[in-house]
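Raw contents of final.txt, compact mmCIF, C-alpha atoms:
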# COMPACT_ATOMS: atom_id res chain seq x y z
CA MET U 20 0.00 0.00 0.00
CA ASN U 21 2.75 2.37 1.03
CA ASP U 22 4.78 1.40 -2.00
CA ARG U 23 1.93 2.36 -4.29
CA LEU U 24 1.44 5.63 -2.52
CA ASP U 25 5.12 6.52 -2.86
CA GLU U 26 5.00 5.59 -6.52
CA ALA U 27 2.02 7.92 -7.08
CA ILE U 28 3.80 10.78 -5.32
CA GLU U 29 6.92 10.31 -7.45
CA LEU U 30 4.76 10.27 -10.55
CA LEU U 31 3.16 13.59 -9.62
CA LYS U 32 6.56 15.16 -9.02
CA THR U 33 7.77 14.24 -12.49
CA PRO U 34 7.03 17.02 -15.03
CA PRO U 35 5.04 15.89 -18.08
CA ALA U 36 6.97 15.34 -21.26
CA VAL U 37 4.96 18.04 -23.04
CA SER U 38 3.39 20.76 -20.89
CA VAL U 39 -0.12 22.07 -21.39
CA GLU U 40 1.30 25.50 -22.20
CA ALA U 41 3.56 24.10 -24.87
CA ARG U 42 0.71 22.24 -26.41
CA VAL U 43 -1.49 25.32 -26.54
CA MET U 44 1.26 27.37 -28.18
CA ALA U 45 1.85 24.64 -30.71
CA GLU U 46 -1.83 24.67 -31.54
CA VAL U 47 -1.77 28.41 -32.01
CA ARG U 48 1.20 28.21 -34.37
CA ARG U 49 -0.53 25.49 -36.27
CA MET U 50 -3.52 27.76 -36.92
CA SER U 51 -1.15 30.02 -38.90
CA LEU U 52 -2.66 33.28 -37.83
CA PRO U 53 -1.21 36.22 -39.81
CA ALA U 54 1.48 37.94 -37.77
CA PRO U 55 0.71 41.54 -36.80
CA LYS U 56 2.28 43.99 -39.22
CA ARG U 57 5.27 45.62 -37.72
CA ARG U 58 5.14 49.44 -37.70
CA VAL U 59 8.38 50.79 -38.99
CA VAL U 60 9.23 54.19 -37.58
CA THR U 61 11.50 55.91 -40.05
CA TRP U 62 13.53 59.05 -39.44
CA PRO U 63 11.57 61.27 -41.89
CA ARG U 64 8.39 60.41 -40.01
CA VAL U 65 10.00 61.21 -36.69
CA ALA U 66 11.24 64.50 -38.07
CA MET U 67 7.80 65.38 -39.42
CA LEU U 68 6.19 64.55 -36.09
CA ALA U 69 8.75 66.63 -34.21
CA LEU U 70 8.24 69.56 -36.59
CA ALA U 71 4.47 69.40 -36.24
CA ALA U 72 4.72 69.17 -32.46
CA GLY U 73 7.12 72.11 -32.38
CA LEU U 74 4.88 74.27 -34.52
CA ALA U 75 1.87 73.34 -32.44
CA ALA U 76 3.73 74.26 -29.27
CA ILE U 77 4.81 77.61 -30.71
CA LEU U 78 1.41 78.53 -32.06
CA LEU U 79 -0.98 77.07 -29.54
CA VAL U 80 0.72 77.78 -26.23
CA PRO U 81 -0.42 81.25 -25.13
CA ARG U 82 2.40 83.71 -24.68
CA PRO U 83 2.31 86.92 -22.68
CA PRO U 84 2.43 90.08 -24.83
CA ARG U 85 5.98 91.23 -25.42
CA PRO U 86 6.50 94.54 -23.66
CA LEU U 87 7.90 97.36 -25.73
CA PRO U 88 11.42 98.47 -24.92
CA GLY U 89 11.27 101.01 -22.12
CA ASP U 90 7.74 99.97 -21.30
CA PRO U 91 8.04 97.91 -18.16
CA GLY U 92 4.65 98.69 -16.69
CA GLN U 93 1.90 101.16 -16.27
CA GLY U 94 1.68 104.70 -15.05
CA VAL U 95 -0.86 107.28 -14.05
CA ALA U 96 -2.24 109.58 -16.74
CA GLN U 97 -4.28 112.63 -15.92
CA PHE U 98 -6.51 114.42 -18.42
CA VAL U 99 -7.93 117.88 -17.85
CA GLY U 100 -9.88 120.03 -20.28
CA HIS U 101 -11.87 123.25 -20.12
CA PHE U 102 -15.12 122.71 -21.99
CA PRO U 103 -17.81 124.94 -20.51
CA GLY U 104 -21.30 123.89 -21.48
CA ALA U 105 -20.23 120.50 -22.80
CA ARG U 106 -22.57 117.57 -22.19
CA SER U 107 -19.85 114.91 -22.45
CA VAL U 108 -16.10 114.70 -22.91
CA GLU U 109 -14.10 111.55 -23.53
CA VAL U 110 -10.51 110.66 -24.37
CA VAL U 111 -9.88 108.53 -27.43
CA GLY U 112 -6.39 107.47 -28.35
CA SER U 113 -3.85 104.82 -29.17
CA PHE U 114 -4.05 103.47 -25.61
CA ASN U 115 -7.62 102.31 -26.21
CA ASN U 116 -7.29 101.50 -29.92
CA TRP U 117 -9.12 104.75 -30.71
CA SER U 118 -12.33 103.28 -29.31
CA ARG U 119 -15.18 105.46 -28.16
CA GLY U 120 -16.99 105.12 -24.85
CA ILE U 121 -14.10 103.81 -22.75
CA LEU U 122 -12.54 106.76 -20.92
CA HIS U 123 -14.92 109.59 -20.00
CA LEU U 124 -13.97 112.82 -18.27
CA ARG U 125 -16.19 114.13 -15.48
CA ASP U 126 -17.30 117.55 -14.38
CA ASP U 127 -19.08 116.84 -11.14
CA ASP U 128 -19.24 120.46 -9.99
CA HIS U 129 -20.31 121.79 -13.41
CA ASP U 130 -17.57 124.42 -13.55
CA GLY U 131 -16.63 123.48 -17.11
CA ILE U 132 -13.38 121.78 -16.07
CA TRP U 133 -13.50 118.14 -17.02
CA HIS U 134 -11.02 115.62 -15.70
CA ALA U 135 -10.14 111.94 -15.63
CA VAL U 136 -7.36 109.82 -14.19
CA ALA U 137 -6.40 106.49 -15.71
CA MET U 138 -3.71 103.84 -15.47
CA LEU U 139 -2.17 103.43 -18.91
CA PRO U 140 0.74 101.45 -20.29
CA ALA U 141 3.99 103.35 -19.88
CA GLY U 142 5.29 104.91 -23.07
CA GLN U 143 4.03 107.23 -25.77
CA HIS U 144 0.36 107.63 -26.66
CA GLU U 145 -1.50 109.87 -29.09
CA TYR U 146 -4.99 111.02 -28.24
CA MET U 147 -7.74 113.61 -28.72
CA PHE U 148 -10.75 114.69 -26.76
CA VAL U 149 -14.19 114.04 -28.21
CA VAL U 150 -16.65 116.64 -26.97
CA ASP U 151 -20.39 115.96 -27.04
CA GLY U 152 -19.77 112.79 -29.01
CA GLU U 153 -18.86 114.54 -32.24
CA ARG U 154 -16.29 117.32 -31.89
CA TRP U 155 -12.63 116.18 -31.98
CA VAL U 156 -10.43 118.56 -30.00
CA THR U 157 -6.68 118.61 -29.47
CA ASP U 158 -5.72 118.86 -25.80
CA PRO U 159 -4.03 122.26 -25.59
CA LEU U 160 -2.44 121.37 -22.23
CA ALA U 161 -0.64 118.32 -23.61
CA GLY U 162 2.51 120.23 -24.51
CA ARG U 163 3.40 117.71 -27.21
CA PHE U 164 1.66 117.48 -30.54
CA VAL U 165 1.97 115.62 -33.81
CA ASP U 166 0.21 116.00 -37.15
CA ASP U 167 -2.34 113.21 -37.45
CA GLY U 168 -1.30 112.54 -41.05
CA PHE U 169 -4.74 112.67 -42.65
CA GLY U 170 -4.10 115.86 -44.53
CA ALA U 171 -6.44 118.25 -42.74
CA GLY U 172 -3.78 119.84 -40.55
CA ARG U 173 -5.28 118.36 -37.42
CA GLU U 174 -2.93 117.48 -34.57
CA ASN U 175 -3.04 114.71 -32.02
CA SER U 176 -1.85 115.40 -28.52
CA VAL U 177 1.08 113.28 -27.40
CA LEU U 178 1.18 111.82 -23.92
CA ILE U 179 4.21 110.15 -22.39
CA VAL U 180 3.25 107.97 -19.45
CA ARG U 181 6.03 107.36 -16.98
CA PRO U 182 6.09 103.93 -15.36
CA ALA U 183 4.78 104.08 -11.80
CA VAL U 184 7.68 101.85 -10.79
CA GLN U 185 10.90 103.06 -12.35
CA PRO U 186 12.87 100.21 -13.97
CA MET T 24 1.14 58.98 -39.38
CA THR T 25 2.68 60.84 -42.30
CA ARG T 26 -0.78 61.85 -43.39
CA ALA T 27 -1.57 63.08 -39.89
CA CYS T 28 1.61 65.15 -39.78
CA PHE T 29 0.82 66.62 -43.16
CA VAL T 30 -2.66 67.62 -42.03
CA VAL T 31 -1.23 69.29 -38.91
CA LEU T 32 1.37 71.16 -40.95
CA VAL T 33 -1.14 72.28 -43.56
CA ALA T 34 -3.35 73.58 -40.78
CA LEU T 35 -0.59 75.37 -38.91
CA VAL T 36 1.84 76.77 -41.47
CA PRO T 37 -0.56 79.20 -43.16
CA GLY T 38 -1.42 80.40 -39.67
CA THR T 39 2.17 81.42 -39.05
CA VAL T 40 2.54 83.14 -42.39
CA GLY T 41 -0.67 85.05 -41.96
CA ALA T 42 -0.27 85.72 -38.26
CA ALA T 43 1.13 89.22 -38.62
CA GLN T 44 -1.47 90.15 -41.18
CA GLY T 45 -4.17 88.42 -39.19
CA THR T 46 -3.43 90.55 -36.15
CA GLY T 47 -4.13 93.70 -38.10
CA ALA T 48 -7.12 92.29 -39.94
CA THR T 49 -8.66 91.10 -36.69
CA LYS T 50 -8.36 94.52 -35.12
CA LEU T 51 -9.64 96.28 -38.22
CA ALA T 52 -12.67 94.07 -38.82
CA GLY T 53 -15.82 95.95 -38.00
CA ARG T 54 -13.88 99.09 -37.09
CA VAL T 55 -12.63 100.27 -40.48
CA PRO T 56 -14.81 100.77 -43.58
CA SER T 57 -14.81 97.51 -45.54
CA GLN T 58 -13.78 99.28 -48.75
CA ALA T 59 -10.56 100.47 -47.05
CA ILE T 60 -9.53 97.10 -45.64
CA PRO T 61 -8.00 95.53 -48.81
CA ALA T 62 -5.70 98.52 -49.32
CA ILE T 63 -4.73 98.62 -45.66
CA ASP T 64 -4.17 94.87 -45.56
CA SER T 65 -1.83 95.14 -48.52
CA LEU T 66 0.13 97.91 -46.76
CA ILE T 67 0.37 95.74 -43.66
CA ALA T 68 1.59 92.86 -45.83
CA VAL T 69 4.29 95.13 -47.24
CA ALA T 70 5.34 96.05 -43.70
CA VAL T 71 5.53 92.37 -42.75
CA ALA T 72 7.60 91.61 -45.83
CA GLU T 73 10.00 94.45 -44.98
CA SER T 74 10.22 93.47 -41.28
CA LEU T 75 8.63 96.74 -40.21
CA PRO T 76 6.32 97.01 -37.20
CA THR T 77 2.67 96.72 -38.19
CA GLU T 78 1.03 98.09 -35.06
CA PRO T 79 1.52 101.76 -36.06
CA LEU T 80 -0.32 101.04 -39.32
CA VAL T 81 -3.18 99.35 -37.51
CA GLN T 82 -3.40 102.23 -35.04
CA LYS T 83 -3.42 104.80 -37.84
CA ALA T 84 -6.24 102.95 -39.59
CA LEU T 85 -8.26 102.73 -36.38
CA GLU T 86 -7.61 106.40 -35.69
CA GLY T 87 -8.74 107.48 -39.13
CA SER T 88 -11.84 105.37 -38.93
CA ALA T 89 -12.74 106.68 -35.46
CA LYS T 90 -12.37 110.23 -36.74
CA GLY T 91 -14.58 109.52 -39.74
CA ILE T 92 -11.83 110.26 -42.25
CA PRO T 93 -12.90 109.47 -45.86
CA THR T 94 -11.51 106.18 -47.16
CA ASP T 95 -9.03 107.64 -49.64
CA ARG T 96 -7.47 109.95 -47.05
CA LEU T 97 -7.49 107.17 -44.47
CA VAL T 98 -5.49 104.90 -46.76
CA THR T 99 -3.17 107.80 -47.61
CA GLY T 100 -2.57 108.34 -43.90
CA VAL T 101 -1.69 104.68 -43.37
CA ARG T 102 0.59 104.76 -46.42
CA ARG T 103 2.31 107.84 -45.02
CA THR T 104 2.90 106.02 -41.75
CA LEU T 105 4.47 103.15 -43.69
CA GLY T 106 6.82 105.65 -45.33
CA GLN T 107 7.82 107.03 -41.93
CA LEU T 108 8.55 103.52 -40.68
CA ARG T 109 10.73 102.85 -43.71
CA GLU T 110 12.66 106.05 -43.16
CA ALA T 111 13.05 105.19 -39.48
CA ARG T 112 14.29 101.70 -40.28
CA VAL T 113 17.02 103.06 -42.55
CA LEU T 114 18.06 105.44 -39.81
CA VAL T 115 18.13 102.75 -37.11
CA ALA T 116 20.10 100.40 -39.37
CA ARG T 117 22.65 103.14 -39.97
CA ALA T 118 22.92 104.09 -36.29
CA LEU T 119 23.06 100.53 -34.98
CA PRO T 120 24.66 98.49 -37.76
CA GLN T 121 25.64 95.59 -35.50
CA GLN T 122 22.08 94.36 -35.06
CA PRO T 123 18.91 93.95 -37.14
CA PRO T 124 16.77 97.04 -36.50
CA PRO T 125 14.49 96.22 -33.54
CA GLU T 126 10.84 96.97 -34.27
CA GLY T 127 10.51 98.96 -31.06
CA HIS T 128 13.38 101.22 -32.10
CA VAL T 129 11.89 101.68 -35.57
CA ALA T 130 8.49 102.64 -34.16
CA ALA T 131 10.04 105.02 -31.63
CA VAL T 132 12.19 106.75 -34.24
CA ALA T 133 9.24 107.04 -36.64
CA ALA T 134 7.19 108.69 -33.89
CA ALA T 135 10.02 111.10 -33.08
CA LEU T 136 10.53 112.04 -36.74
CA ALA T 137 6.78 112.64 -37.04
CA ARG T 138 7.08 115.06 -34.13
CA GLY T 139 9.67 117.02 -36.09
CA LEU T 140 12.93 115.68 -34.70
CA PRO T 141 15.65 116.06 -37.35
CA ALA T 142 17.00 112.70 -38.53
CA PRO T 143 20.63 113.41 -37.55
CA ILE T 144 19.55 114.20 -33.99
CA ALA T 145 17.52 110.99 -33.82
CA GLU T 146 20.61 109.13 -34.99
CA ARG T 147 22.72 110.76 -32.27
CA MET T 148 20.21 109.72 -29.63
CA LEU T 149 20.41 106.12 -30.83
CA THR T 150 24.19 105.98 -30.89
CA MET T 151 24.38 107.73 -27.51
CA ALA T 152 22.98 104.67 -25.74
CA PRO T 153 22.70 101.75 -28.14
CA ALA T 154 21.74 99.30 -25.39
CA ASP T 155 18.99 101.46 -23.90
CA ALA T 156 15.36 101.82 -24.95
CA PRO T 157 15.47 104.85 -27.24
CA GLU T 158 12.05 106.35 -26.51
CA PRO T 159 12.92 108.68 -23.60
CA ALA T 160 15.98 110.18 -25.29
CA LEU T 161 14.11 110.65 -28.56
CA HIS T 162 11.18 112.32 -26.81
CA ALA T 163 13.46 114.53 -24.76
CA ALA T 164 15.21 115.68 -27.92
CA ALA T 165 11.89 116.14 -29.73
CA ASP T 166 10.58 118.17 -26.77
CA LEU T 167 13.58 120.49 -26.88
CA VAL T 168 13.37 120.93 -30.64
CA ALA T 169 9.62 121.59 -30.40
CA HIS T 170 10.40 124.35 -27.90
CA ARG T 171 12.75 125.94 -30.41
CA PHE T 172 16.04 125.00 -28.85
CA ASN T 173 18.87 124.56 -31.30
CA PRO T 174 18.74 120.84 -32.23
CA ASP T 175 22.50 120.26 -32.00
CA SER T 176 22.80 122.12 -28.70
CA ALA T 177 19.84 120.18 -27.34
CA ALA T 178 21.45 116.90 -28.38
CA ASP T 179 24.74 117.97 -26.78
CA LEU T 180 22.93 118.59 -23.50
CA LEU T 181 21.25 115.18 -23.57
CA VAL T 182 24.49 113.40 -24.44
CA GLU T 183 26.15 115.16 -21.52
CA ALA T 184 23.30 114.25 -19.19
CA HIS T 185 23.54 110.64 -20.29
CA ALA T 186 27.29 110.63 -19.72
CA MET T 187 26.61 111.88 -16.18
CA GLY T 188 24.37 108.92 -15.47
CA LEU T 189 20.87 110.13 -16.33
CA ARG T 190 18.87 107.37 -17.97
CA GLY T 191 15.37 106.68 -19.24
CA VAL T 192 12.66 109.12 -18.24
CA ARG T 193 15.20 111.22 -16.33
CA LEU T 194 16.28 112.51 -19.74
CA LEU T 195 12.75 113.88 -20.10
CA ASP T 196 13.38 115.81 -16.88
CA VAL T 197 16.36 117.47 -18.57
CA ALA T 198 14.12 118.69 -21.38
CA THR T 199 11.49 119.86 -18.89
CA ALA T 200 14.11 121.73 -16.88
CA ALA T 201 15.38 123.49 -19.98
CA ASP T 202 11.87 124.53 -20.93
CA GLN T 203 11.22 125.83 -17.41
CA GLU T 204 14.46 127.81 -17.50
CA LEU T 205 13.40 129.32 -20.80
CA GLN T 206 10.07 130.42 -19.36
CA ARG T 207 11.49 132.02 -16.23
CA GLN T 208 10.82 135.68 -15.84
CA GLY T 209 13.62 137.82 -17.09
CA GLY T 210 13.68 136.41 -20.58
CA ARG T 211 16.44 133.86 -20.86
CA THR T 212 17.63 132.93 -24.31
CA PRO T 213 17.53 129.25 -25.30
CA SER T 214 21.30 129.00 -25.07
CA ASP T 215 21.23 130.55 -21.57
CA ALA T 216 18.56 128.08 -20.53
CA LEU T 217 20.60 125.13 -21.81
CA ALA T 218 23.70 126.46 -20.05
CA ARG T 219 21.85 126.72 -16.74
CA VAL T 220 20.54 123.17 -17.03
CA ARG T 221 24.01 121.94 -17.99
CA ALA T 222 25.33 123.56 -14.81
CA MET T 223 22.82 121.72 -12.63
CA LEU T 224 23.49 118.27 -14.15
CA PRO T 225 22.97 115.58 -13.03
CA ASN T 226 20.63 117.06 -10.42
CA VAL T 227 17.75 118.20 -12.60
CA PRO T 228 14.47 118.27 -10.66
CA ALA T 229 12.11 115.35 -11.01
CA PRO T 230 8.55 116.18 -12.00
CA LYS T 231 6.17 117.06 -9.21
CA VAL T 232 3.30 114.63 -8.77
CA ALA T 233 0.19 116.53 -9.75
CA ALA T 234 -2.62 116.61 -7.25
CA LYS T 235 -6.00 115.34 -8.40
CA PRO T 236 -8.00 118.20 -9.77

Would you mind writing the file out in structure tokens?
Amino acid sequence: MNDRLDEAIELLKTPPAVSVEARVMAEVRRMSLPAPKRRVVTWPRVAMLALAAGLAAILLVPRPPRPLPGDPGQGVAQFVGHFPGARSVEVVGSFNNWSRGILHLRDDDHDGIWHAVAMLPAGQHEYMFVVDGERWVTDPLAGRFVDDGFGAGRENSVLIVRPAVQP
Amino acid sequence: MTRACFVVLVALVPGTVGAAQGTGATKLAGRVPSQAIPAIDSLIAVAVAESLPTEPLVQKALEGSAKGIPTDRLVTGVRRTLGQLREARVLVARALPQQPPPEGHVAAVAAALARGLPAPIAERMLTMAPADAPEPALHAAADLVAHRFNPDSAADLLVEAHAMGLRGVRLLDVATAADQELQRQGGRTPSDALARVRAMLPNVPAPKVAAKP
């Protein structure tokens, strides 16, 4: 009895001549499945991919606007004009892309002296006052003027905003 | 994958080529009369091709449109600005031959020339401090010339101030001081005013901070 039991144990310890795994793999090979096509990565493709990725990075990643030389920040600009009887006065210039309705002067005490204070980018700006929504007026207090170049002899006022924090 | 790369490149490359023009066109759309836009776009394209700054052209177009300038005069104004930028670029290239003319320098010089600063004085201001931003020196010189100081004497004063350590907007203080000396009671001549400011260098007064009106 014990001899038979020992014989059975020895038999279990002996590995089979052909394992189950080997038999399965042999069966798979026998089915002759088509081998997956190998993707060949060639250098021109790599270069194209790198170029495309580089361009995408350059164009799609948002970049901060490049400051102009000598334009490290913003500064305070003050506008004052004497327009007695005016209903509205605004400043339109290169600092607001010559857009109307952005920077209005005020005359709270109705003495005809209109004023506004604004933070603008440091550097040079050209501007004019627009009185009552239709009359373009050069700021006589600006001290700096430049022909506006449209042939009617009209001048823009020139404002130089100093940076609030000196570089 | 090659096809995918090609699609990406086709989508992106025209974007880079048209980026400079697109910036102007985007700003002009809806702001400038549609009949003026083709002519202005072509002027902007010329500026891009000549490596000139385009923002002054865009600003001039927006300005003309805001002021209600007729289309033909608006385009003429933009074309005139392009001419000023070309002139400025030549001047910057001559003054700073070691480097390609920076767009900021070109725009600053064009603005100063438009204010009436003689070209040789603008050139002196550039060569005075080639590593500095040129705007303050150019404006200081333009301020002095606008107030009828002799251009060469004005430039001499600014060069001296720079040599004594005044930089940036402090050069504007030199011009302001000269103008204040000229306006003092007693009737100083421009050369007297410049001499007095020269004597106080480098201690020209800084501008007073204006109180809110």

Taking all atoms listed in the file into account, what are the residues of chain U at most 7 Å from chain T, put as a PyMOL selection string?
-> chain U and resi 64+67-68+71+87-89+113+116-117+164-165+168-169+181

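Computed from the coordinates, the atom CA of Arg163 of chain U to atom CA of Pro103 of chain U distance equals 23.4 Å.
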
Nearby residues (all atoms listed in the file) at most 10 Å from Ala135 of chain U, same-chain spacing under 4 positions excluded, as an NGL selection string | (:U and (96-100 or 108-110 or 122-126)) or (:T and (235-236))

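Taking only C-alpha atoms into account, Ser74 of chain T lies nearest to T:Leu105 out of the set T:Ala184, T:Ala152, T:Leu105, T:Ala201.
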
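With atom CA of Ile132 of chain U on one side and atom CA of Phe102 of chain U on the other, the separation reads 6.2 Å.
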
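One finds atom CA of Leu160 of chain U at 18.2 Å from atom CA of Leu139 of chain U.
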
Rank nothing, just name the residue among U:Glu26, U:Arg119, U:His101, U:Pro182 nearest to Glu153 of chain U, using all atoms listed in the file.
-> U:Arg119

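Look at Leu114 of chain T: the protein and nucleic acid residues within 12 Å of it, using all atoms listed in the file and passing over chain neighbours fewer than 5 places away, are Gln107, Leu108, Arg109, Leu119, Pro120, Pro123, Pro124, Pro125, His128, Val129, Ala130, Ala131, Val132, Ala133, Ala135, Leu136, Pro141, Ala142, Pro143, Ile144, Ala145, Glu146, Arg147, Met148, Leu149 and Thr150 of chain T.
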
Rebuild segment 138-147 of chain U so that it carries all heavy atoms, then output the result as a PDB file, keeping the file's coordinate frame.
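The file below, part.pdb, is the result:
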ATOM      1  N   MET U 138      -4.979 104.571 -15.399  1.00  0.00           N
ATOM      2  CA  MET U 138      -3.710 103.840 -15.470  1.00  0.00           C
ATOM      3  C   MET U 138      -3.534 103.374 -16.917  1.00  0.00           C
ATOM      4  O   MET U 138      -4.407 102.701 -17.467  1.00  0.00           O
ATOM      5  CB  MET U 138      -3.750 102.610 -14.547  1.00  0.00           C
ATOM      6  CG  MET U 138      -3.697 102.921 -13.064  1.00  0.00           C
ATOM      7  SD  MET U 138      -2.148 103.721 -12.571  1.00  0.00           S
ATOM      8  CE  MET U 138      -1.011 102.359 -12.740  1.00  0.00           C
ATOM      9  N   LEU U 139      -2.434 103.778 -17.508  1.00  0.00           N
ATOM     10  CA  LEU U 139      -2.170 103.430 -18.910  1.00  0.00           C
ATOM     11  C   LEU U 139      -0.806 102.759 -19.017  1.00  0.00           C
ATOM     12  O   LEU U 139       0.055 102.970 -18.150  1.00  0.00           O
ATOM     13  CB  LEU U 139      -2.199 104.683 -19.780  1.00  0.00           C
ATOM     14  CG  LEU U 139      -3.503 105.474 -19.833  1.00  0.00           C
ATOM     15  CD1 LEU U 139      -3.330 106.705 -20.715  1.00  0.00           C
ATOM     16  CD2 LEU U 139      -4.642 104.605 -20.355  1.00  0.00           C
ATOM     17  N   PRO U 140      -0.589 102.018 -20.078  1.00  0.00           N
ATOM     18  CA  PRO U 140       0.740 101.450 -20.290  1.00  0.00           C
ATOM     19  C   PRO U 140       1.784 102.566 -20.411  1.00  0.00           C
ATOM     20  O   PRO U 140       1.526 103.595 -21.044  1.00  0.00           O
ATOM     21  CB  PRO U 140       0.611 100.697 -21.611  1.00  0.00           C
ATOM     22  CG  PRO U 140      -0.849 100.441 -21.751  1.00  0.00           C
ATOM     23  CD  PRO U 140      -1.539 101.595 -21.095  1.00  0.00           C
ATOM     24  N   ALA U 141       2.921 102.360 -19.775  1.00  0.00           N
ATOM     25  CA  ALA U 141       3.990 103.350 -19.880  1.00  0.00           C
ATOM     26  C   ALA U 141       4.444 103.470 -21.332  1.00  0.00           C
ATOM     27  O   ALA U 141       4.415 102.505 -22.074  1.00  0.00           O
ATOM     28  CB  ALA U 141       5.159 102.940 -18.996  1.00  0.00           C
ATOM     29  N   GLY U 142       4.833 104.675 -21.700  1.00  0.00           N
ATOM     30  CA  GLY U 142       5.290 104.910 -23.070  1.00  0.00           C
ATOM     31  C   GLY U 142       4.520 106.041 -23.724  1.00  0.00           C
ATOM     32  O   GLY U 142       3.828 106.810 -23.053  1.00  0.00           O
ATOM     33  N   GLN U 143       4.653 106.128 -25.033  1.00  0.00           N
ATOM     34  CA  GLN U 143       4.030 107.230 -25.770  1.00  0.00           C
ATOM     35  C   GLN U 143       2.632 106.861 -26.255  1.00  0.00           C
ATOM     36  O   GLN U 143       2.396 105.743 -26.718  1.00  0.00           O
ATOM     37  CB  GLN U 143       4.877 107.590 -26.985  1.00  0.00           C
ATOM     38  CG  GLN U 143       4.236 108.705 -27.811  1.00  0.00           C
ATOM     39  CD  GLN U 143       4.819 108.840 -29.191  1.00  0.00           C
ATOM     40  OE1 GLN U 143       6.001 108.619 -29.371  1.00  0.00           O
ATOM     41  NE2 GLN U 143       4.000 109.222 -30.159  1.00  0.00           N
ATOM     42  N   HIS U 144       1.716 107.810 -26.144  1.00  0.00           N
ATOM     43  CA  HIS U 144       0.360 107.630 -26.660  1.00  0.00           C
ATOM     44  C   HIS U 144      -0.070 108.900 -27.380  1.00  0.00           C
ATOM     45  O   HIS U 144       0.301 109.997 -26.985  1.00  0.00           O
ATOM     46  CB  HIS U 144      -0.623 107.340 -25.525  1.00  0.00           C
ATOM     47  CG  HIS U 144      -0.247 106.179 -24.667  1.00  0.00           C
ATOM     48  ND1 HIS U 144      -0.432 104.871 -25.059  1.00  0.00           N
ATOM     49  CD2 HIS U 144       0.330 106.115 -23.446  1.00  0.00           C
ATOM     50  CE1 HIS U 144       0.008 104.056 -24.112  1.00  0.00           C
ATOM     51  NE2 HIS U 144       0.471 104.792 -23.119  1.00  0.00           N
ATOM     52  N   GLU U 145      -0.869 108.729 -28.415  1.00  0.00           N
ATOM     53  CA  GLU U 145      -1.500 109.870 -29.090  1.00  0.00           C
ATOM     54  C   GLU U 145      -2.989 109.828 -28.754  1.00  0.00           C
ATOM     55  O   GLU U 145      -3.579 108.752 -28.644  1.00  0.00           O
ATOM     56  CB  GLU U 145      -1.284 109.785 -30.599  1.00  0.00           C
ATOM     57  CG  GLU U 145       0.184 109.930 -30.991  1.00  0.00           C
ATOM     58  CD  GLU U 145       0.384 109.908 -32.500  1.00  0.00           C
ATOM     59  OE1 GLU U 145      -0.568 110.249 -33.243  1.00  0.00           O
ATOM     60  OE2 GLU U 145       1.495 109.555 -32.921  1.00  0.00           O
ATOM     61  N   TYR U 146      -3.583 111.003 -28.611  1.00  0.00           N
ATOM     62  CA  TYR U 146      -4.990 111.020 -28.240  1.00  0.00           C
ATOM     63  C   TYR U 146      -5.634 112.346 -28.638  1.00  0.00           C
ATOM     64  O   TYR U 146      -4.939 113.317 -28.973  1.00  0.00           O
ATOM     65  CB  TYR U 146      -5.163 110.810 -26.732  1.00  0.00           C
ATOM     66  CG  TYR U 146      -4.675 111.969 -25.874  1.00  0.00           C
ATOM     67  CD1 TYR U 146      -5.557 112.945 -25.404  1.00  0.00           C
ATOM     68  CD2 TYR U 146      -3.324 112.082 -25.556  1.00  0.00           C
ATOM     69  CE1 TYR U 146      -5.105 114.004 -24.625  1.00  0.00           C
ATOM     70  CE2 TYR U 146      -2.867 113.134 -24.783  1.00  0.00           C
ATOM     71  CZ  TYR U 146      -3.761 114.091 -24.317  1.00  0.00           C
ATOM     72  OH  TYR U 146      -3.303 115.141 -23.563  1.00  0.00           O
ATOM     73  N   MET U 147      -6.951 112.375 -28.580  1.00  0.00           N
ATOM     74  CA  MET U 147      -7.740 113.610 -28.720  1.00  0.00           C
ATOM     75  C   MET U 147      -8.935 113.516 -27.797  1.00  0.00           C
ATOM     76  O   MET U 147      -9.340 112.424 -27.394  1.00  0.00           O
ATOM     77  CB  MET U 147      -8.204 113.806 -30.180  1.00  0.00           C
ATOM     78  CG  MET U 147      -7.097 114.209 -31.135  1.00  0.00           C
ATOM     79  SD  MET U 147      -7.704 114.641 -32.786  1.00  0.00           S
ATOM     80  CE  MET U 147      -8.199 116.355 -32.550  1.00  0.00           C
TER      81      MET U 147
END
